[in-house]
There are 2 protein chains.
Amino acid sequence: MQEFKTNTPRTHFCMFSELSREQIASLRLQEIDNSYKKGEVLFSEGSYPKALYVVYKGIVKIHKYGINGKEQITRLASAGDLIGYRSLLNNESYTASATAIEETKLFKIPSEAFFNLLKENPDFSMKVIQMLANDLRQSEKQVVNMAQKSVREKIAEALLLLSNKFGVNENTNALNSILTRKEIGDIAGVTTESAIRTISDFNKEEIIGIEGKRILIKDLTKLEREAI
Amino acid sequence: MQEFKTNTPRTHFCMFSELSREQIASLRLQEIDNSYKKGEVLFSEGSYPKALYVVYKGIVKIHKYGINGKEQITRLASAGDLIGYRSLLNNESYTASATAIEETKLFKIPSEAFFNLLKENPDFSMKVIQMLANDLRQSEKQVVNMAQKSVREKIAEALLLLSNKFGVNENTNALNSILTRKEIGDIAGVTTESAIRTISDFNKEEIIGIEGKRILIKDLTKLEREAI
DNA sequence: CGAGGAGTTGATTCCAATCAATTTCGGTGG
DNA sequence: CCACCGAAATTGATTGGAATCAACTCCTCG
């Protein structure tokens, strides 16, 4: 029934390609001088957006708190990704928090600048629309995954996500990103213990390798098969 | 165009309010002469979109097939709702199927007409953007629900969705929509048996009532509490 | 070198899926 | 109008997967 390969590397989609120099200027990008360290919170669920941000270095997790505080990571953002746009577009408070996973640097775009460009440039609007449509597709696929897949499948899926999004070292095959086991569990929607056990199983089965916190993708084909 | 009525002022969002007569005309809305009967498929996962549709009567479920054919309903569309827009915007094949739950009538909008209006009317673009941002918010909430909630919570959530989206008869408190127990399970992401057992439990606890296939919302407050 | 966080492992529990059987219901044709 | 058929709903028994609880080790960092 599945018509797509679930792990098709998504061509990176940059909102800002094809904008003219003037249009970029009109966004009034401001470099945020201080960087966010690992664990620092960029914004929190419930607070109100004042601007939107473009990540230009590092990794940010977008996460929500569910039943008795259990975390769910809904998205990972890295260089080129826009964050905080959704609440801004809806004019509502943030429905998720954003926290740096690695040291992160951001550009800030004042919200009026963003809205002005949206109004004046139909191509830019179309870009935003396509980005949203893509995110939505991704999210709905995720709903089905969460509802139906086993822990093993969800962890395989999470590892593939990390591999696609951040890539692997071409010599060692180590994932370029280092997340805690808890965070991997929070992506997959399983407990930390289940994440650890499954990662350990994959290691025993030589699908992946483990070097401390680092995970090596040893057999991508098998991993893809595990994710179904 | 006729006014679309619903009991859900909060979530309901009509794309076409605030469009001028000319703009509406430019969409070249075509009434589709034959209606779709209960169970009829409007389009299927994997096929390619040729146009987009506005529901003007009836209910349509948007659903995907997951592990060994198990269905997941990702969205319900009724009067005023647009369907099939996402794949059109992405220029990709449908990632979900659409099936009539009740006898359904549609307007069809040729895709060029839609794209033209998007290009020419920033306000309309903004409407589309907001609709997408809303859908996305909804979908990400759903991811957390699926990942973390119990069967009981998910069924309560599904019943609330039906109550909000389609309303209840103000005398009997019966849900205006009639879905099968399987479909309710497919919304909640649980098996049909679990859906039945939980609905039966809620009935025993006088949170809801059952009259054949019809479900009566007897105690909305309790139901909301169940959904957490 | 101590402390605390991250990772690991084992034992236990329990929720929900699965499997199986039966009843009820709604629509259709004689 | 009623009998019949298939689909939907229901109920029970069983199983199994994953959460929970608990204890412990291993880093890493001040």
# chains A, B, ... in the order shown; residues from 1 in each chain; ligands from 1
>>> closest_atom_pairs(of="chain D", to="region 5-22 of chain C", cutoff="8 Å", atoms="only C-alpha atoms (C1' of nucleotides)", output="tab-separated table")
residue	atom	partner	partner_atom	distance
D:DT15	C1'	C:DT18	C1'	7.6
D:DT20	C1'	C:DT13	C1'	7.6
D:DT25	C1'	C:DT8	C1'	7.5
D:DC26	C1'	C:DG7	C1'	7.6
D:DC27	C1'	C:DA6	C1'	7.9
>>> residues_around(residues="Leu117 (chain B)", least_positions_apart="2", cutoff="12 Å", atoms="only C-alpha atoms (C1' of nucleotides)", output="ChimeraX atom specification")
/A:122,126 /B:16,19-20,22-28,109-115,119-128
>>> write_last_selection(atoms="N, CA and C atoms", output="PDB file, in the first residue's frame")
ATOM      1  N   PRO A 122       3.871  37.226  -4.471  1.00  0.00           N
ATOM      2  CA  PRO A 122       3.102  35.989  -4.611  1.00  0.00           C
ATOM      3  C   PRO A 122       4.004  34.759  -4.686  1.00  0.00           C
ATOM      4  N   MET A 126       3.758  31.588  -2.297  1.00  0.00           N
ATOM      5  CA  MET A 126       3.650  30.232  -2.819  1.00  0.00           C
ATOM      6  C   MET A 126       4.673  29.324  -2.158  1.00  0.00           C
TER       7      MET A 126
ATOM      8  N   PHE B  16     -13.754  31.118   1.665  1.00  0.00           N
ATOM      9  CA  PHE B  16     -14.319  31.920   0.587  1.00  0.00           C
ATOM     10  C   PHE B  16     -15.062  33.148   1.063  1.00  0.00           C
ATOM     11  N   LEU B  19     -14.301  37.019  -0.252  1.00  0.00           N
ATOM     12  CA  LEU B  19     -13.915  37.121  -1.656  1.00  0.00           C
ATOM     13  C   LEU B  19     -14.979  37.936  -2.375  1.00  0.00           C
ATOM     14  N   SER B  20     -14.551  38.732  -3.344  1.00  0.00           N
ATOM     15  CA  SER B  20     -15.529  39.501  -4.097  1.00  0.00           C
ATOM     16  C   SER B  20     -16.265  38.575  -5.060  1.00  0.00           C
ATOM     17  N   GLU B  22     -16.474  38.830  -8.190  1.00  0.00           N
ATOM     18  CA  GLU B  22     -15.650  38.529  -9.375  1.00  0.00           C
ATOM     19  C   GLU B  22     -14.646  37.417  -9.050  1.00  0.00           C
ATOM     20  N   GLN B  23     -14.105  37.536  -7.851  1.00  0.00           N
ATOM     21  CA  GLN B  23     -13.107  36.539  -7.486  1.00  0.00           C
ATOM     22  C   GLN B  23     -13.735  35.157  -7.386  1.00  0.00           C
ATOM     23  N   ILE B  24     -14.898  35.108  -6.770  1.00  0.00           N
ATOM     24  CA  ILE B  24     -15.601  33.825  -6.706  1.00  0.00           C
ATOM     25  C   ILE B  24     -15.843  33.317  -8.114  1.00  0.00           C
ATOM     26  N   ALA B  25     -16.288  34.237  -8.977  1.00  0.00           N
ATOM     27  CA  ALA B  25     -16.556  33.836 -10.366  1.00  0.00           C
ATOM     28  C   ALA B  25     -15.287  33.285 -11.009  1.00  0.00           C
ATOM     29  N   SER B  26     -14.153  33.934 -10.671  1.00  0.00           N
ATOM     30  CA  SER B  26     -12.901  33.517 -11.310  1.00  0.00           C
ATOM     31  C   SER B  26     -12.499  32.095 -10.921  1.00  0.00           C
ATOM     32  N   LEU B  27     -13.067  31.613  -9.833  1.00  0.00           N
ATOM     33  CA  LEU B  27     -12.745  30.237  -9.426  1.00  0.00           C
ATOM     34  C   LEU B  27     -13.444  29.216 -10.319  1.00  0.00           C
ATOM     35  N   ARG B  28     -14.387  29.686 -11.087  1.00  0.00           N
ATOM     36  CA  ARG B  28     -15.119  28.828 -12.020  1.00  0.00           C
ATOM     37  C   ARG B  28     -15.652  27.560 -11.339  1.00  0.00           C
ATOM     38  N   ILE B 109     -13.232  22.946  -8.414  1.00  0.00           N
ATOM     39  CA  ILE B 109     -12.503  24.154  -8.821  1.00  0.00           C
ATOM     40  C   ILE B 109     -11.337  23.718  -9.698  1.00  0.00           C
ATOM     41  N   PRO B 110     -11.307  24.167 -10.934  1.00  0.00           N
ATOM     42  CA  PRO B 110     -10.180  23.790 -11.801  1.00  0.00           C
ATOM     43  C   PRO B 110      -8.887  24.303 -11.198  1.00  0.00           C
ATOM     44  N   SER B 111      -7.842  23.519 -11.299  1.00  0.00           N
ATOM     45  CA  SER B 111      -6.633  23.892 -10.559  1.00  0.00           C
ATOM     46  C   SER B 111      -6.024  25.206 -11.045  1.00  0.00           C
ATOM     47  N   GLU B 112      -6.107  25.479 -12.358  1.00  0.00           N
ATOM     48  CA  GLU B 112      -5.519  26.751 -12.826  1.00  0.00           C
ATOM     49  C   GLU B 112      -6.260  27.930 -12.215  1.00  0.00           C
ATOM     50  N   ALA B 113      -7.568  27.806 -12.102  1.00  0.00           N
ATOM     51  CA  ALA B 113      -8.350  28.897 -11.524  1.00  0.00           C
ATOM     52  C   ALA B 113      -7.898  29.173 -10.090  1.00  0.00           C
ATOM     53  N   PHE B 114      -7.656  28.095  -9.368  1.00  0.00           N
ATOM     54  CA  PHE B 114      -7.203  28.214  -7.981  1.00  0.00           C
ATOM     55  C   PHE B 114      -5.821  28.879  -7.925  1.00  0.00           C
ATOM     56  N   PHE B 115      -4.922  28.394  -8.755  1.00  0.00           N
ATOM     57  CA  PHE B 115      -3.570  28.953  -8.749  1.00  0.00           C
ATOM     58  C   PHE B 115      -3.556  30.419  -9.198  1.00  0.00           C
ATOM     59  N   LYS B 119      -2.253  33.635  -7.047  1.00  0.00           N
ATOM     60  CA  LYS B 119      -1.229  34.538  -7.541  1.00  0.00           C
ATOM     61  C   LYS B 119      -1.694  35.996  -7.483  1.00  0.00           C
ATOM     62  N   GLU B 120      -2.962  36.190  -7.783  1.00  0.00           N
ATOM     63  CA  GLU B 120      -3.448  37.551  -7.937  1.00  0.00           C
ATOM     64  C   GLU B 120      -3.984  38.180  -6.665  1.00  0.00           C
ATOM     65  N   ASN B 121      -4.350  37.346  -5.740  1.00  0.00           N
ATOM     66  CA  ASN B 121      -5.011  37.887  -4.560  1.00  0.00           C
ATOM     67  C   ASN B 121      -4.290  37.515  -3.272  1.00  0.00           C
ATOM     68  N   PRO B 122      -3.474  38.414  -2.764  1.00  0.00           N
ATOM     69  CA  PRO B 122      -2.692  38.140  -1.550  1.00  0.00           C
ATOM     70  C   PRO B 122      -3.585  37.790  -0.365  1.00  0.00           C
ATOM     71  N   ASP B 123      -4.782  38.369  -0.314  1.00  0.00           N
ATOM     72  CA  ASP B 123      -5.672  38.051   0.798  1.00  0.00           C
ATOM     73  C   ASP B 123      -6.097  36.597   0.746  1.00  0.00           C
ATOM     74  N   PHE B 124      -6.351  36.141  -0.468  1.00  0.00           N
ATOM     75  CA  PHE B 124      -6.737  34.746  -0.615  1.00  0.00           C
ATOM     76  C   PHE B 124      -5.561  33.841  -0.246  1.00  0.00           C
ATOM     77  N   SER B 125      -4.363  34.204  -0.708  1.00  0.00           N
ATOM     78  CA  SER B 125      -3.163  33.454  -0.319  1.00  0.00           C
ATOM     79  C   SER B 125      -3.065  33.363   1.192  1.00  0.00           C
ATOM     80  N   MET B 126      -3.301  34.494   1.828  1.00  0.00           N
ATOM     81  CA  MET B 126      -3.187  34.540   3.275  1.00  0.00           C
ATOM     82  C   MET B 126      -4.197  33.594   3.915  1.00  0.00           C
ATOM     83  N   LYS B 127      -5.394  33.549   3.341  1.00  0.00           N
ATOM     84  CA  LYS B 127      -6.414  32.626   3.836  1.00  0.00           C
ATOM     85  C   LYS B 127      -5.940  31.187   3.720  1.00  0.00           C
ATOM     86  N   VAL B 128      -5.373  30.882   2.576  1.00  0.00           N
ATOM     87  CA  VAL B 128      -4.886  29.514   2.364  1.00  0.00           C
ATOM     88  C   VAL B 128      -3.769  29.203   3.350  1.00  0.00           C
TER      89      VAL B 128
END
>>> interface_residues(of="chain D", to="chain A", cutoff="9 Å", atoms="only C-alpha atoms (C1' of nucleotides)", output="PDB file with N, CA and C atoms (P, O5', C5', C4', C3', O3' and C1' of nucleotides), in the first residue's frame")
ATOM      1  P    DG D  17       5.118  -9.658  21.102  1.00  0.00           P
ATOM      2  O5'  DG D  17       5.095  -8.081  20.912  1.00  0.00           O
ATOM      3  C5'  DG D  17       3.866  -7.424  20.574  1.00  0.00           C
ATOM      4  C4'  DG D  17       3.784  -6.130  21.344  1.00  0.00           C
ATOM      5  C3'  DG D  17       5.111  -5.410  21.478  1.00  0.00           C
ATOM      6  O3'  DG D  17       4.847  -4.040  21.238  1.00  0.00           O
ATOM      7  C1'  DG D  17       4.232  -5.846  23.640  1.00  0.00           C
ATOM      8  P    DA D  18       5.980  -3.082  20.844  1.00  0.00           P
ATOM      9  O5'  DA D  18       6.020  -2.098  22.089  1.00  0.00           O
ATOM     10  C5'  DA D  18       4.806  -1.466  22.471  1.00  0.00           C
ATOM     11  C4'  DA D  18       4.836  -1.095  23.923  1.00  0.00           C
ATOM     12  C3'  DA D  18       6.081  -0.331  24.372  1.00  0.00           C
ATOM     13  O3'  DA D  18       5.623   0.774  25.113  1.00  0.00           O
ATOM     14  C1'  DA D  18       5.636  -2.048  25.873  1.00  0.00           C
ATOM     15  P    DA D  19       6.443   2.062  25.421  1.00  0.00           P
ATOM     16  O5'  DA D  19       5.846   2.463  26.841  1.00  0.00           O
ATOM     17  C5'  DA D  19       4.430   2.441  27.012  1.00  0.00           C
ATOM     18  C4'  DA D  19       4.089   2.230  28.470  1.00  0.00           C
ATOM     19  C3'  DA D  19       4.873   3.126  29.430  1.00  0.00           C
ATOM     20  O3'  DA D  19       3.987   3.686  30.389  1.00  0.00           O
ATOM     21  C1'  DA D  19       5.206   0.832  29.995  1.00  0.00           C
TER      22       DA D  19
END
>>> closest_atom_pairs(of="chain A", to="chain B", cutoff="8 Å", atoms="only C-alpha atoms", output="Markdown table")
| residue | atom | partner | partner_atom | distance |
| --- | --- | --- | --- | --- |
| A:Met1 | CA | B:Tyr65 | CA | 6.9 |
| A:Gln2 | CA | B:Gly66 | CA | 7.9 |
| A:Glu3 | CA | B:Gly46 | CA | 6.6 |
| A:Lys64 | CA | B:Val144 | CA | 7.7 |
| A:Gly66 | CA | B:Val144 | CA | 6.5 |
| A:Ile67 | CA | B:Gln148 | CA | 6.5 |
| A:Gln72 | CA | B:Val144 | CA | 6.4 |
| A:Thr74 | CA | B:Glu140 | CA | 6.9 |
| A:Arg86 | CA | B:Ala133 | CA | 5.6 |
| A:Ser87 | CA | B:Ala133 | CA | 7.8 |
| A:Leu89 | CA | B:Gln130 | CA | 6.2 |
| A:Asn90 | CA | B:Gln130 | CA | 6.0 |
| A:Thr95 | CA | B:Arg137 | CA | 7.5 |
| A:Leu118 | CA | B:Pro122 | CA | 7.5 |
| A:Lys119 | CA | B:Pro122 | CA | 5.4 |
| A:Glu120 | CA | B:Pro122 | CA | 7.5 |
| A:Pro122 | CA | B:Lys119 | CA | 5.4 |
| A:Asp123 | CA | B:Lys119 | CA | 7.7 |
| A:Ser125 | CA | B:Ser125 | CA | 6.8 |
| A:Met126 | CA | B:Ser125 | CA | 7.9 |
| A:Val128 | CA | B:Ile129 | CA | 7.5 |
| A:Ile129 | CA | B:Ile129 | CA | 5.8 |
| A:Gln130 | CA | B:Asn90 | CA | 6.0 |
| A:Leu132 | CA | B:Leu132 | CA | 6.2 |
| A:Ala133 | CA | B:Arg86 | CA | 5.7 |
| A:Asn134 | CA | B:Asn90 | CA | 7.0 |
| A:Asp135 | CA | B:Leu136 | CA | 7.4 |
| A:Leu136 | CA | B:Leu136 | CA | 5.4 |
| A:Arg137 | CA | B:Thr95 | CA | 7.6 |
| A:Ser139 | CA | B:Ser139 | CA | 6.2 |
| A:Glu140 | CA | B:Ser139 | CA | 6.3 |
| A:Gln142 | CA | B:Val143 | CA | 6.4 |
| A:Val143 | CA | B:Val143 | CA | 4.7 |
| A:Val144 | CA | B:Gln72 | CA | 6.4 |
| A:Asn145 | CA | B:Gly66 | CA | 7.7 |
| A:Met146 | CA | B:Ala147 | CA | 5.1 |
| A:Ala147 | CA | B:Met146 | CA | 5.1 |
| A:Gln148 | CA | B:Ile67 | CA | 6.5 |
| A:Lys149 | CA | B:Ile67 | CA | 7.2 |
| A:Gly189 | CA | B:Ala147 | CA | 5.3 |
| A:Val190 | CA | B:Ala147 | CA | 7.6 |
>>> closest_atom_pairs(of="chain A", to="chain C", cutoff="12 Å", atoms="only C-alpha atoms (C1' of nucleotides)", output="JSON lines")
{"residue": "A:Gln148", "atom": "CA", "partner": "C:DA17", "partner_atom": "C1'", "distance": 11.0}
{"residue": "A:Ser150", "atom": "CA", "partner": "C:DA17", "partner_atom": "C1'", "distance": 11.8}
{"residue": "A:Leu179", "atom": "CA", "partner": "C:DA6", "partner_atom": "C1'", "distance": 11.2}
{"residue": "A:Thr180", "atom": "CA", "partner": "C:DA6", "partner_atom": "C1'", "distance": 7.8}
{"residue": "A:Arg181", "atom": "CA", "partner": "C:DG7", "partner_atom": "C1'", "distance": 8.0}
{"residue": "A:Lys182", "atom": "CA", "partner": "C:DA6", "partner_atom": "C1'", "distance": 9.0}
{"residue": "A:Glu183", "atom": "CA", "partner": "C:DA6", "partner_atom": "C1'", "distance": 11.5}
{"residue": "A:Thr192", "atom": "CA", "partner": "C:DG7", "partner_atom": "C1'", "distance": 9.6}
{"residue": "A:Glu193", "atom": "CA", "partner": "C:DT8", "partner_atom": "C1'", "distance": 8.5}
{"residue": "A:Ser194", "atom": "CA", "partner": "C:DT8", "partner_atom": "C1'", "distance": 11.1}
{"residue": "A:Ala195", "atom": "CA", "partner": "C:DG7", "partner_atom": "C1'", "distance": 11.0}
{"residue": "A:Ile196", "atom": "CA", "partner": "C:DT8", "partner_atom": "C1'", "distance": 7.7}
{"residue": "A:Arg197", "atom": "CA", "partner": "C:DT8", "partner_atom": "C1'", "distance": 8.5}
{"residue": "A:Thr198", "atom": "CA", "partner": "C:DT8", "partner_atom": "C1'", "distance": 11.9}
{"residue": "A:Ile199", "atom": "CA", "partner": "C:DT8", "partner_atom": "C1'", "distance": 11.4}
{"residue": "A:Ser200", "atom": "CA", "partner": "C:DT8", "partner_atom": "C1'", "distance": 9.5}
{"residue": "A:Gly212", "atom": "CA", "partner": "C:DG7", "partner_atom": "C1'", "distance": 9.4}
{"residue": "A:Lys213", "atom": "CA", "partner": "C:DG7", "partner_atom": "C1'", "distance": 8.9}
>>> write_last_selection(atoms="N, CA and C atoms", output="PDB file, in the first residue's frame")
ATOM      1  N   GLN A 148       0.047   3.375  14.614  1.00  0.00           N
ATOM      2  CA  GLN A 148       0.048   1.987  14.168  1.00  0.00           C
ATOM      3  C   GLN A 148       1.362   1.235  14.284  1.00  0.00           C
ATOM      4  N   SER A 150       4.993  -0.322  15.628  1.00  0.00           N
ATOM      5  CA  SER A 150       5.567  -0.880  16.856  1.00  0.00           C
ATOM      6  C   SER A 150       6.773  -0.041  17.269  1.00  0.00           C
ATOM      7  N   LEU A 179      22.054  12.931  19.712  1.00  0.00           N
ATOM      8  CA  LEU A 179      20.896  13.136  20.573  1.00  0.00           C
ATOM      9  C   LEU A 179      20.991  12.141  21.697  1.00  0.00           C
ATOM     10  N   THR A 180      20.355  12.472  22.816  1.00  0.00           N
ATOM     11  CA  THR A 180      20.311  11.491  23.900  1.00  0.00           C
ATOM     12  C   THR A 180      19.320  10.399  23.527  1.00  0.00           C
ATOM     13  N   ARG A 181      19.409   9.287  24.242  1.00  0.00           N
ATOM     14  CA  ARG A 181      18.453   8.185  24.000  1.00  0.00           C
ATOM     15  C   ARG A 181      17.041   8.661  24.324  1.00  0.00           C
ATOM     16  N   LYS A 182      16.934   9.487  25.322  1.00  0.00           N
ATOM     17  CA  LYS A 182      15.616  10.029  25.658  1.00  0.00           C
ATOM     18  C   LYS A 182      15.054  10.818  24.480  1.00  0.00           C
ATOM     19  N   GLU A 183      15.908  11.636  23.861  1.00  0.00           N
ATOM     20  CA  GLU A 183      15.417  12.436  22.740  1.00  0.00           C
ATOM     21  C   GLU A 183      15.013  11.554  21.564  1.00  0.00           C
ATOM     22  N   THR A 192      12.078   6.089  27.204  1.00  0.00           N
ATOM     23  CA  THR A 192      13.537   6.039  27.083  1.00  0.00           C
ATOM     24  C   THR A 192      14.033   4.598  27.152  1.00  0.00           C
ATOM     25  N   GLU A 193      13.483   3.828  28.085  1.00  0.00           N
ATOM     26  CA  GLU A 193      13.926   2.437  28.222  1.00  0.00           C
ATOM     27  C   GLU A 193      13.675   1.638  26.953  1.00  0.00           C
ATOM     28  N   SER A 194      12.515   1.830  26.360  1.00  0.00           N
ATOM     29  CA  SER A 194      12.202   1.113  25.124  1.00  0.00           C
ATOM     30  C   SER A 194      13.147   1.534  24.011  1.00  0.00           C
ATOM     31  N   ALA A 195      13.443   2.834  23.967  1.00  0.00           N
ATOM     32  CA  ALA A 195      14.376   3.324  22.946  1.00  0.00           C
ATOM     33  C   ALA A 195      15.726   2.651  23.132  1.00  0.00           C
ATOM     34  N   ILE A 196      16.210   2.634  24.368  1.00  0.00           N
ATOM     35  CA  ILE A 196      17.516   2.027  24.655  1.00  0.00           C
ATOM     36  C   ILE A 196      17.542   0.558  24.278  1.00  0.00           C
ATOM     37  N   ARG A 197      16.513  -0.171  24.697  1.00  0.00           N
ATOM     38  CA  ARG A 197      16.474  -1.607  24.388  1.00  0.00           C
ATOM     39  C   ARG A 197      16.488  -1.854  22.888  1.00  0.00           C
ATOM     40  N   THR A 198      15.702  -1.062  22.167  1.00  0.00           N
ATOM     41  CA  THR A 198      15.607  -1.286  20.724  1.00  0.00           C
ATOM     42  C   THR A 198      16.907  -0.928  20.023  1.00  0.00           C
ATOM     43  N   ILE A 199      17.516   0.172  20.430  1.00  0.00           N
ATOM     44  CA  ILE A 199      18.796   0.571  19.841  1.00  0.00           C
ATOM     45  C   ILE A 199      19.833  -0.514  20.110  1.00  0.00           C
ATOM     46  N   SER A 200      19.772  -1.047  21.325  1.00  0.00           N
ATOM     47  CA  SER A 200      20.694  -2.114  21.681  1.00  0.00           C
ATOM     48  C   SER A 200      20.430  -3.371  20.836  1.00  0.00           C
ATOM     49  N   GLY A 212      29.697   4.761  22.306  1.00  0.00           N
ATOM     50  CA  GLY A 212      29.290   5.727  23.319  1.00  0.00           C
ATOM     51  C   GLY A 212      27.897   6.214  22.972  1.00  0.00           C
ATOM     52  N   LYS A 213      27.754   7.529  22.888  1.00  0.00           N
ATOM     53  CA  LYS A 213      26.443   8.070  22.531  1.00  0.00           C
ATOM     54  C   LYS A 213      26.225   8.039  21.023  1.00  0.00           C
TER      55      LYS A 213
END
>>> residues_around(residues="Leu216 (chain B)", least_positions_apart="6", cutoff="8 Å", atoms="only C-alpha atoms (C1' of nucleotides)", output="list in words")
Val168, Thr172, Asn173, Ala174, Leu175, Ile208, Gly209 and Ile210 of chain B
>>> atom_distance(atom1="CA of Asp81 (chain A)", atom2="CA of Ile217 (chain A)")
24.7 Å
>>> select_by_dssp(residues="region 55-110 of chain B", states="helix (DSSP H, G or I)", output="number ranges by chain")
B: 67-69, 85-90
